[in-house]
Amino acid sequence: MVEEKIKSIIDNLSTSASTNYIDVICVSLAKAINADYVFVAQLNTDNTTATTLSLATQHEVIENFSYQLKSTPCEIVGKGDVCAFPSGIQAAYPNDQLLEDMSIEGYVGIPLIDDGTKAHSILVALFCDEFNNQNEISSLFLLFSGLINKELEKQKVITELRTRNEIIEESKEAIMICNKNNQIISVNKAFTRMTGYSFREVVGKDPKILSAYRQPDSFYQKMWADIQTKGSWSGELNNRKKSGEEFPEWLSINTIRNEYNEIENYVAFFFDISERKAAEDKIYQQANYDLLTGIANRYKFLEQLTKVIDAKAIASFESALLVMDLDLFQEVNDVYGHDCGDALLVKVAERLTRFIKPENSLARITGDGFAILLNNVNERSEIDDFVARILIEFSKPFYVDEHVINCTLSLGIITFLDNTLQASSLMKKAERAMSHAKENGRNSSSYFTQEMENTARYQIQMKADLEKALKERKLTLVFQPIVSTQLKQVTKFEALLRWNNNGRWVSPVEFIPLAEKNNLIKPLGEFVLSEACLQLKKLKGLGYQDIVFNVNRSVYEIPLNQNENAYWLMMINMYGLQPSDICFELTESALAPEKRNNEMLFNQLREAGCQIALDDFGTGYSSLNYIRRIPLDFIKIDKSFISDMSENPDDKILVSTIIAMSKALGKQVVAEGVENIAQVRWLEELGCDYIQGFYFSKPLPFEQLPAFLDNFNYQKAVKAAIPN
């Protein structure tokens, strides 16, 4: 009887058109044992849930389902035991609702065991009526459990292979599989998409069909040596598509060996890195090259300079570093705008590029600064000739849009023969030489000398000393009288800054430009204004109410932002003074037209009651238009014109013209640097309003001002100088 049932099951398996043998087995078993249901269910990893893989009646396969194992007979089977109830299964498992819903009376279940001892699935038969052939059913189940296990394993492998194939096919990486003879036997969709070749076009071919032959033979020799000895290789190379277009790719090659450690296949993975390379090139370009001009930037130039310096350890050749700066480039921006300035920089780079040979380097290192590295210099004359040609070329105008712009260069040069200096040190030395060329009149060149180094170190020390003196308020003010020729008395004092640096008096001619150059002029000016206000407050407290202090302000102290215009007045008010107590002295550079906030500031000061004097007239812009437009009270004639009046008739004419012009414009005149009675008399005759100079007094410390004011006698001072 059992044999017939086995034969019928096998016949069904042999003749079935279905490819799902588990379904066929379940239907066949249901018929053979006269069960209402037979199913194979897979258990989850923690044996809490079963999911049917095939659920069949005696006639058909029905829809699968999942159920919880707890409180069911399947829970026992899932633990690896056989469970059989010919009848009374519902009574045995009252909490199994599924048994009640399906009207099940009898149950047989066996575990399907893997290579170990754990059940991965179960085979179950369900009966709506009592059955009496338990042993027969169990025997059949055990007999076919091995076949079911093999089928489940096969389906698992097929599923895994299908999944792997899908992963390979849908991978964004191109995959190419070759046999041991390095012939292509398989490719995926990404391979075709990336290279343009279909599988039929490359099957049996050598992967060399893709090569762009950009790498040398040694590259491929090293690659294959790694593949054979290490079993893998990865790297970057260039390949060619079917269209002939080249593209960079990242390639990984692995070997597959059999049980005898013989290579069976080569598997290559690669992907197009064109976008990444383009991004890297863009980043490199932005990091190393000037975006405006396209030439190297400071970072790249220092890198090139460092390589040249390092090379001198084994090669002896002289090199020259040239650092150059455009003269008065800021004026181009101010007058024509920044767009025009940028266009000029592009043309400057183009003009300099004409001078550069392959062994040399050019870079833009600052806003309007450029550098050139000359290599293999044999004689100093070669450098001189090179610089001369550049200066001649830059004597020619630039044509930018509709503008004709003259823009010259100042160059600093340093030569070097060994590798004892760092790139940054060489740059600093060349920049110092360039600054020296600018100070000597621009449109010229200067070689670095040790004297420049000493001067630079001295200025660094002086800057530190000045910062310390400011912080500790160790600067002092002296006051030079300004005498009214009409009132015959002192009505003003000019506050002058003095600095005793560790026992040495430093001239303002030295430390004022130092302060302007190193952004110390604002704190320096604030010190002078605050100290002058403090001393004037004391002087007024002693009863001298009609005295005005003149305070010098540098053009660099004038705020760029209109919101800061009230600061000077705030300082005056803070000391309890009136704006009319202070006269601000400004040089003609403060009147330049590009200083757009200056005129607004001067008007604001005048409206508040301050007086404004134009200092050193004749040494700056000297534009009558500025004098007419700016609200000035006083014009101070520079002492250089006064000192030469007795010897130079032209200076007499110039001084008389300045006084007459000032009178015509409603301005009062102060003559500076008056040192003798002849100058006093002549200035009186011309109608000069005020006289300042050593003739009446040198600058005095504050403590001497009361006595000087009490004892001053204009007529006596003038008569004393007239011989009997």
# chains A, B, ... in the order shown; residues from 1 in each chain; ligands from 1

call {"tool": "residues_around", "arguments": {"residues": "A:Val40", "least_positions_apart": "6", "cutoff": "10 Å", "atoms": "only C-alpha atoms", "output": "compact mmCIF listing (two decimals) with C-alpha atoms, in the first residue's frame"}}
result
# COMPACT_ATOMS: atom_id res chain seq x y z
CA ILE A 22 7.19 21.81 -3.55
CA ASP A 23 3.67 22.54 -4.82
CA ILE A 25 4.81 17.30 -3.57
CA CYS A 26 2.23 18.95 -1.29
CA ALA A 50 5.79 30.27 10.23
CA THR A 51 5.10 31.28 6.64
CA THR A 52 3.79 28.71 4.18
CA LEU A 53 5.88 28.19 1.08
CA SER A 54 3.26 25.90 -0.41
CA LEU A 55 -0.27 25.16 0.90
CA ALA A 56 -2.26 22.51 -0.99
CA ASN A 64 -0.11 31.10 1.41
CA GLY A 109 3.97 17.45 11.49
CA ILE A 110 7.68 16.74 11.03
CA PRO A 111 10.63 19.17 11.12
CA LEU A 112 12.84 19.80 8.11
CA SER A 121 10.96 24.54 7.93
CA ILE A 122 8.11 22.14 8.79
CA LEU A 123 5.99 19.68 6.78
CA VAL A 124 2.41 19.44 8.09
CA ALA A 125 -0.75 17.49 7.20
CA ILE A 148 11.80 18.61 0.01
CA LEU A 152 14.28 24.12 -0.80

call {"tool": "select_by_dssp", "arguments": {"residues": "stretch 260-433 of chain A", "states": "helix (DSSP H, G or I)", "output": "PyMOL selection string"}}
result
chain A and resi 274-288+298-311+329-336+338-353+380-393+423-433

call {"tool": "closest_residue", "arguments": {"among": "A:Ser424, A:Asn454, A:Thr476, A:Thr491", "to": "A:Trp505", "atoms": "only C-alpha atoms"}}
result
A:Thr476

call {"tool": "atom_distance", "arguments": {"atom1": "atom CA of A:Tyr37", "atom2": "atom CA of A:Leu126"}}
result
5.0 Å

call {"tool": "residues_around", "arguments": {"residues": "stretch 303-309 of chain A", "least_positions_apart": "5", "cutoff": "10 Å", "atoms": "only C-alpha atoms", "output": "NGL selection string"}}
result
:A and (288 or 296 or 298 or 315 or 317 or 319 or 321 or 360-362 or 372-373 or 375 or 416-424 or 426-427)

call {"tool": "select_by_dssp", "arguments": {"residues": "stretch 142-224 of chain A", "states": "strand (DSSP E)", "output": "list of chain:residue names"}}
result
A:Ala174, A:Ile175, A:Met176, A:Ile177, A:Cys178, A:Asn179, A:Ile184, A:Ile185, A:Ser186, A:Val187

call {"tool": "residues_around", "arguments": {"residues": "A:Asn132", "least_positions_apart": "6", "cutoff": "12 Å", "atoms": "only C-alpha atoms", "output": "list in words"}}
result
Ile33, Asn34, Ala35, Ala84, Phe85, Pro86, Ser87, Gly106, Tyr107, Val108 and Ser138 of chain A

call {"tool": "closest_residue", "arguments": {"among": "A:Phe448, A:Leu326, A:Leu237, A:Gly204", "to": "A:Pro216", "atoms": "only C-alpha atoms"}}
result
A:Leu237

call {"tool": "decode", "arguments": {"residues": "stretch 519-667 of chain A", "atoms": "C-alpha atoms", "output": "PDB file, in the first residue's frame"}}
result
ATOM      1  CA  ASN A 519      47.544 101.406  10.948  1.00  0.00           C
ATOM      2  CA  LEU A 520      48.598 103.219  14.108  1.00  0.00           C
ATOM      3  CA  ILE A 521      47.644 106.688  12.924  1.00  0.00           C
ATOM      4  CA  LYS A 522      44.076 106.554  14.250  1.00  0.00           C
ATOM      5  CA  PRO A 523      45.023 105.651  17.835  1.00  0.00           C
ATOM      6  CA  LEU A 524      47.876 108.165  17.569  1.00  0.00           C
ATOM      7  CA  GLY A 525      45.469 110.886  16.411  1.00  0.00           C
ATOM      8  CA  GLU A 526      43.015 109.992  19.165  1.00  0.00           C
ATOM      9  CA  PHE A 527      45.810 110.412  21.709  1.00  0.00           C
ATOM     10  CA  VAL A 528      46.756 113.850  20.330  1.00  0.00           C
ATOM     11  CA  LEU A 529      43.153 115.105  20.272  1.00  0.00           C
ATOM     12  CA  SER A 530      42.340 113.811  23.758  1.00  0.00           C
ATOM     13  CA  GLU A 531      45.612 115.134  25.240  1.00  0.00           C
ATOM     14  CA  ALA A 532      45.178 118.524  23.532  1.00  0.00           C
ATOM     15  CA  CYS A 533      41.604 118.808  24.852  1.00  0.00           C
ATOM     16  CA  LEU A 534      42.791 117.877  28.339  1.00  0.00           C
ATOM     17  CA  GLN A 535      45.578 120.504  28.314  1.00  0.00           C
ATOM     18  CA  LEU A 536      43.323 123.195  26.851  1.00  0.00           C
ATOM     19  CA  LYS A 537      40.759 122.490  29.573  1.00  0.00           C
ATOM     20  CA  LYS A 538      43.503 123.070  32.154  1.00  0.00           C
ATOM     21  CA  LEU A 539      44.623 126.269  30.435  1.00  0.00           C
ATOM     22  CA  LYS A 540      41.089 127.661  30.408  1.00  0.00           C
ATOM     23  CA  GLY A 541      40.823 126.742  34.075  1.00  0.00           C
ATOM     24  CA  LEU A 542      43.776 129.087  34.673  1.00  0.00           C
ATOM     25  CA  GLY A 543      41.807 131.950  33.113  1.00  0.00           C
ATOM     26  CA  TYR A 544      42.982 131.894  29.482  1.00  0.00           C
ATOM     27  CA  GLN A 545      39.544 131.672  27.877  1.00  0.00           C
ATOM     28  CA  ASP A 546      40.228 132.949  24.351  1.00  0.00           C
ATOM     29  CA  ILE A 547      42.946 130.507  23.322  1.00  0.00           C
ATOM     30  CA  VAL A 548      42.358 128.011  20.476  1.00  0.00           C
ATOM     31  CA  PHE A 549      44.396 124.836  20.038  1.00  0.00           C
ATOM     32  CA  ASN A 550      45.236 123.667  16.519  1.00  0.00           C
ATOM     33  CA  VAL A 551      45.255 119.873  16.207  1.00  0.00           C
ATOM     34  CA  ASN A 552      46.697 118.075  13.172  1.00  0.00           C
ATOM     35  CA  ARG A 553      44.728 115.212  11.642  1.00  0.00           C
ATOM     36  CA  SER A 554      46.102 112.803   9.037  1.00  0.00           C
ATOM     37  CA  VAL A 555      44.081 111.991   5.950  1.00  0.00           C
ATOM     38  CA  TYR A 556      44.142 108.369   7.200  1.00  0.00           C
ATOM     39  CA  GLU A 557      42.205 109.401  10.325  1.00  0.00           C
ATOM     40  CA  ILE A 558      39.226 110.656   8.351  1.00  0.00           C
ATOM     41  CA  PRO A 559      36.476 108.052   8.656  1.00  0.00           C
ATOM     42  CA  LEU A 560      35.253 106.283   5.550  1.00  0.00           C
ATOM     43  CA  ASN A 561      31.866 105.713   7.136  1.00  0.00           C
ATOM     44  CA  GLN A 562      29.618 108.732   7.674  1.00  0.00           C
ATOM     45  CA  ASN A 563      28.325 107.154  10.892  1.00  0.00           C
ATOM     46  CA  GLU A 564      31.722 107.870  12.490  1.00  0.00           C
ATOM     47  CA  ASN A 565      31.794 111.568  11.597  1.00  0.00           C
ATOM     48  CA  ALA A 566      30.589 112.677  15.044  1.00  0.00           C
ATOM     49  CA  TYR A 567      33.524 111.084  16.898  1.00  0.00           C
ATOM     50  CA  TRP A 568      35.809 114.150  16.822  1.00  0.00           C
ATOM     51  CA  LEU A 569      33.055 116.366  18.226  1.00  0.00           C
ATOM     52  CA  MET A 570      32.235 113.779  20.893  1.00  0.00           C
ATOM     53  CA  MET A 571      35.863 113.888  22.054  1.00  0.00           C
ATOM     54  CA  ILE A 572      35.737 117.712  22.355  1.00  0.00           C
ATOM     55  CA  ASN A 573      32.450 117.627  24.265  1.00  0.00           C
ATOM     56  CA  MET A 574      33.756 114.873  26.548  1.00  0.00           C
ATOM     57  CA  TYR A 575      36.341 117.334  27.957  1.00  0.00           C
ATOM     58  CA  GLY A 576      33.774 120.094  28.441  1.00  0.00           C
ATOM     59  CA  LEU A 577      35.085 122.241  25.571  1.00  0.00           C
ATOM     60  CA  GLN A 578      33.248 124.033  22.813  1.00  0.00           C
ATOM     61  CA  PRO A 579      33.871 123.059  19.148  1.00  0.00           C
ATOM     62  CA  SER A 580      35.124 126.612  18.572  1.00  0.00           C
ATOM     63  CA  ASP A 581      38.017 125.883  20.948  1.00  0.00           C
ATOM     64  CA  ILE A 582      39.605 123.504  18.427  1.00  0.00           C
ATOM     65  CA  CYS A 583      40.967 124.181  14.939  1.00  0.00           C
ATOM     66  CA  PHE A 584      41.691 121.074  12.898  1.00  0.00           C
ATOM     67  CA  GLU A 585      44.712 121.256  10.590  1.00  0.00           C
ATOM     68  CA  LEU A 586      44.535 119.060   7.482  1.00  0.00           C
ATOM     69  CA  THR A 587      46.936 118.593   4.589  1.00  0.00           C
ATOM     70  CA  GLU A 588      45.867 119.090   0.990  1.00  0.00           C
ATOM     71  CA  SER A 589      45.705 115.312   0.406  1.00  0.00           C
ATOM     72  CA  ALA A 590      42.556 115.316   2.549  1.00  0.00           C
ATOM     73  CA  LEU A 591      40.871 117.454  -0.118  1.00  0.00           C
ATOM     74  CA  ALA A 592      41.386 114.950  -2.948  1.00  0.00           C
ATOM     75  CA  PRO A 593      38.144 114.319  -4.845  1.00  0.00           C
ATOM     76  CA  GLU A 594      38.057 110.575  -4.234  1.00  0.00           C
ATOM     77  CA  LYS A 595      37.805 111.144  -0.465  1.00  0.00           C
ATOM     78  CA  ARG A 596      34.033 111.395  -0.755  1.00  0.00           C
ATOM     79  CA  ASN A 597      33.185 111.537   2.953  1.00  0.00           C
ATOM     80  CA  ASN A 598      35.705 114.283   3.709  1.00  0.00           C
ATOM     81  CA  GLU A 599      33.633 117.197   2.467  1.00  0.00           C
ATOM     82  CA  MET A 600      30.631 116.017   4.478  1.00  0.00           C
ATOM     83  CA  LEU A 601      32.807 115.704   7.612  1.00  0.00           C
ATOM     84  CA  PHE A 602      34.316 119.178   7.175  1.00  0.00           C
ATOM     85  CA  ASN A 603      30.892 120.765   6.738  1.00  0.00           C
ATOM     86  CA  GLN A 604      29.648 118.969   9.855  1.00  0.00           C
ATOM     87  CA  LEU A 605      32.633 120.252  11.881  1.00  0.00           C
ATOM     88  CA  ARG A 606      32.189 123.799  10.620  1.00  0.00           C
ATOM     89  CA  GLU A 607      28.482 123.806  11.376  1.00  0.00           C
ATOM     90  CA  ALA A 608      29.264 122.692  14.940  1.00  0.00           C
ATOM     91  CA  GLY A 609      31.710 125.620  15.372  1.00  0.00           C
ATOM     92  CA  CYS A 610      35.146 124.075  14.757  1.00  0.00           C
ATOM     93  CA  GLN A 611      37.685 125.908  12.631  1.00  0.00           C
ATOM     94  CA  ILE A 612      39.549 124.217   9.778  1.00  0.00           C
ATOM     95  CA  ALA A 613      43.016 125.086   8.534  1.00  0.00           C
ATOM     96  CA  LEU A 614      44.690 123.845   5.368  1.00  0.00           C
ATOM     97  CA  ASP A 615      48.248 122.926   6.379  1.00  0.00           C
ATOM     98  CA  ASP A 616      51.407 123.021   4.235  1.00  0.00           C
ATOM     99  CA  PHE A 617      49.667 124.797   1.366  1.00  0.00           C
ATOM    100  CA  GLY A 618      51.530 124.443  -1.917  1.00  0.00           C
ATOM    101  CA  THR A 619      52.968 120.983  -1.294  1.00  0.00           C
ATOM    102  CA  GLY A 620      49.931 118.855  -2.177  1.00  0.00           C
ATOM    103  CA  TYR A 621      47.160 118.921  -4.755  1.00  0.00           C
ATOM    104  CA  SER A 622      47.027 122.767  -4.810  1.00  0.00           C
ATOM    105  CA  SER A 623      43.688 122.875  -6.582  1.00  0.00           C
ATOM    106  CA  LEU A 624      41.739 126.125  -6.233  1.00  0.00           C
ATOM    107  CA  ASN A 625      38.609 124.110  -6.881  1.00  0.00           C
ATOM    108  CA  TYR A 626      39.204 122.128  -3.673  1.00  0.00           C
ATOM    109  CA  ILE A 627      39.853 125.315  -1.657  1.00  0.00           C
ATOM    110  CA  ARG A 628      36.716 126.914  -3.036  1.00  0.00           C
ATOM    111  CA  ARG A 629      34.546 123.877  -2.310  1.00  0.00           C
ATOM    112  CA  ILE A 630      35.882 122.829   1.117  1.00  0.00           C
ATOM    113  CA  PRO A 631      34.818 125.046   4.087  1.00  0.00           C
ATOM    114  CA  LEU A 632      38.261 126.347   5.180  1.00  0.00           C
ATOM    115  CA  ASP A 633      38.961 129.106   7.689  1.00  0.00           C
ATOM    116  CA  PHE A 634      42.733 129.299   7.395  1.00  0.00           C
ATOM    117  CA  ILE A 635      45.381 128.622   4.777  1.00  0.00           C
ATOM    118  CA  LYS A 636      48.841 127.894   6.199  1.00  0.00           C
ATOM    119  CA  ILE A 637      51.704 128.693   3.829  1.00  0.00           C
ATOM    120  CA  ASP A 638      54.354 125.985   3.983  1.00  0.00           C
ATOM    121  CA  LYS A 639      57.598 127.060   5.650  1.00  0.00           C
ATOM    122  CA  SER A 640      59.631 126.036   2.591  1.00  0.00           C
ATOM    123  CA  PHE A 641      58.257 129.085   0.739  1.00  0.00           C
ATOM    124  CA  ILE A 642      58.790 131.426   3.714  1.00  0.00           C
ATOM    125  CA  SER A 643      62.415 130.402   4.363  1.00  0.00           C
ATOM    126  CA  ASP A 644      63.497 131.184   0.779  1.00  0.00           C
ATOM    127  CA  MET A 645      61.723 134.526   0.367  1.00  0.00           C
ATOM    128  CA  SER A 646      64.815 136.632   1.040  1.00  0.00           C
ATOM    129  CA  GLU A 647      66.930 134.792  -1.548  1.00  0.00           C
ATOM    130  CA  ASN A 648      64.357 133.713  -4.115  1.00  0.00           C
ATOM    131  CA  PRO A 649      62.190 136.426  -5.734  1.00  0.00           C
ATOM    132  CA  ASP A 650      59.884 133.744  -7.121  1.00  0.00           C
ATOM    133  CA  ASP A 651      59.014 132.622  -3.604  1.00  0.00           C
ATOM    134  CA  LYS A 652      58.157 136.233  -2.653  1.00  0.00           C
ATOM    135  CA  ILE A 653      55.838 136.440  -5.598  1.00  0.00           C
ATOM    136  CA  LEU A 654      54.320 133.056  -4.748  1.00  0.00           C
ATOM    137  CA  VAL A 655      53.726 134.001  -1.092  1.00  0.00           C
ATOM    138  CA  SER A 656      52.181 137.352  -2.005  1.00  0.00           C
ATOM    139  CA  THR A 657      49.969 135.573  -4.562  1.00  0.00           C
ATOM    140  CA  ILE A 658      48.806 133.027  -2.003  1.00  0.00           C
ATOM    141  CA  ILE A 659      47.937 135.768   0.484  1.00  0.00           C
ATOM    142  CA  ALA A 660      46.080 137.807  -2.126  1.00  0.00           C
ATOM    143  CA  MET A 661      44.210 134.755  -3.370  1.00  0.00           C
ATOM    144  CA  SER A 662      43.258 133.712   0.163  1.00  0.00           C
ATOM    145  CA  LYS A 663      41.954 137.204   0.920  1.00  0.00           C
ATOM    146  CA  ALA A 664      39.885 137.116  -2.262  1.00  0.00           C
ATOM    147  CA  LEU A 665      38.391 133.778  -1.165  1.00  0.00           C
ATOM    148  CA  GLY A 666      37.669 135.069   2.341  1.00  0.00           C
ATOM    149  CA  LYS A 667      40.299 132.885   4.031  1.00  0.00           C
TER     150      LYS A 667
END
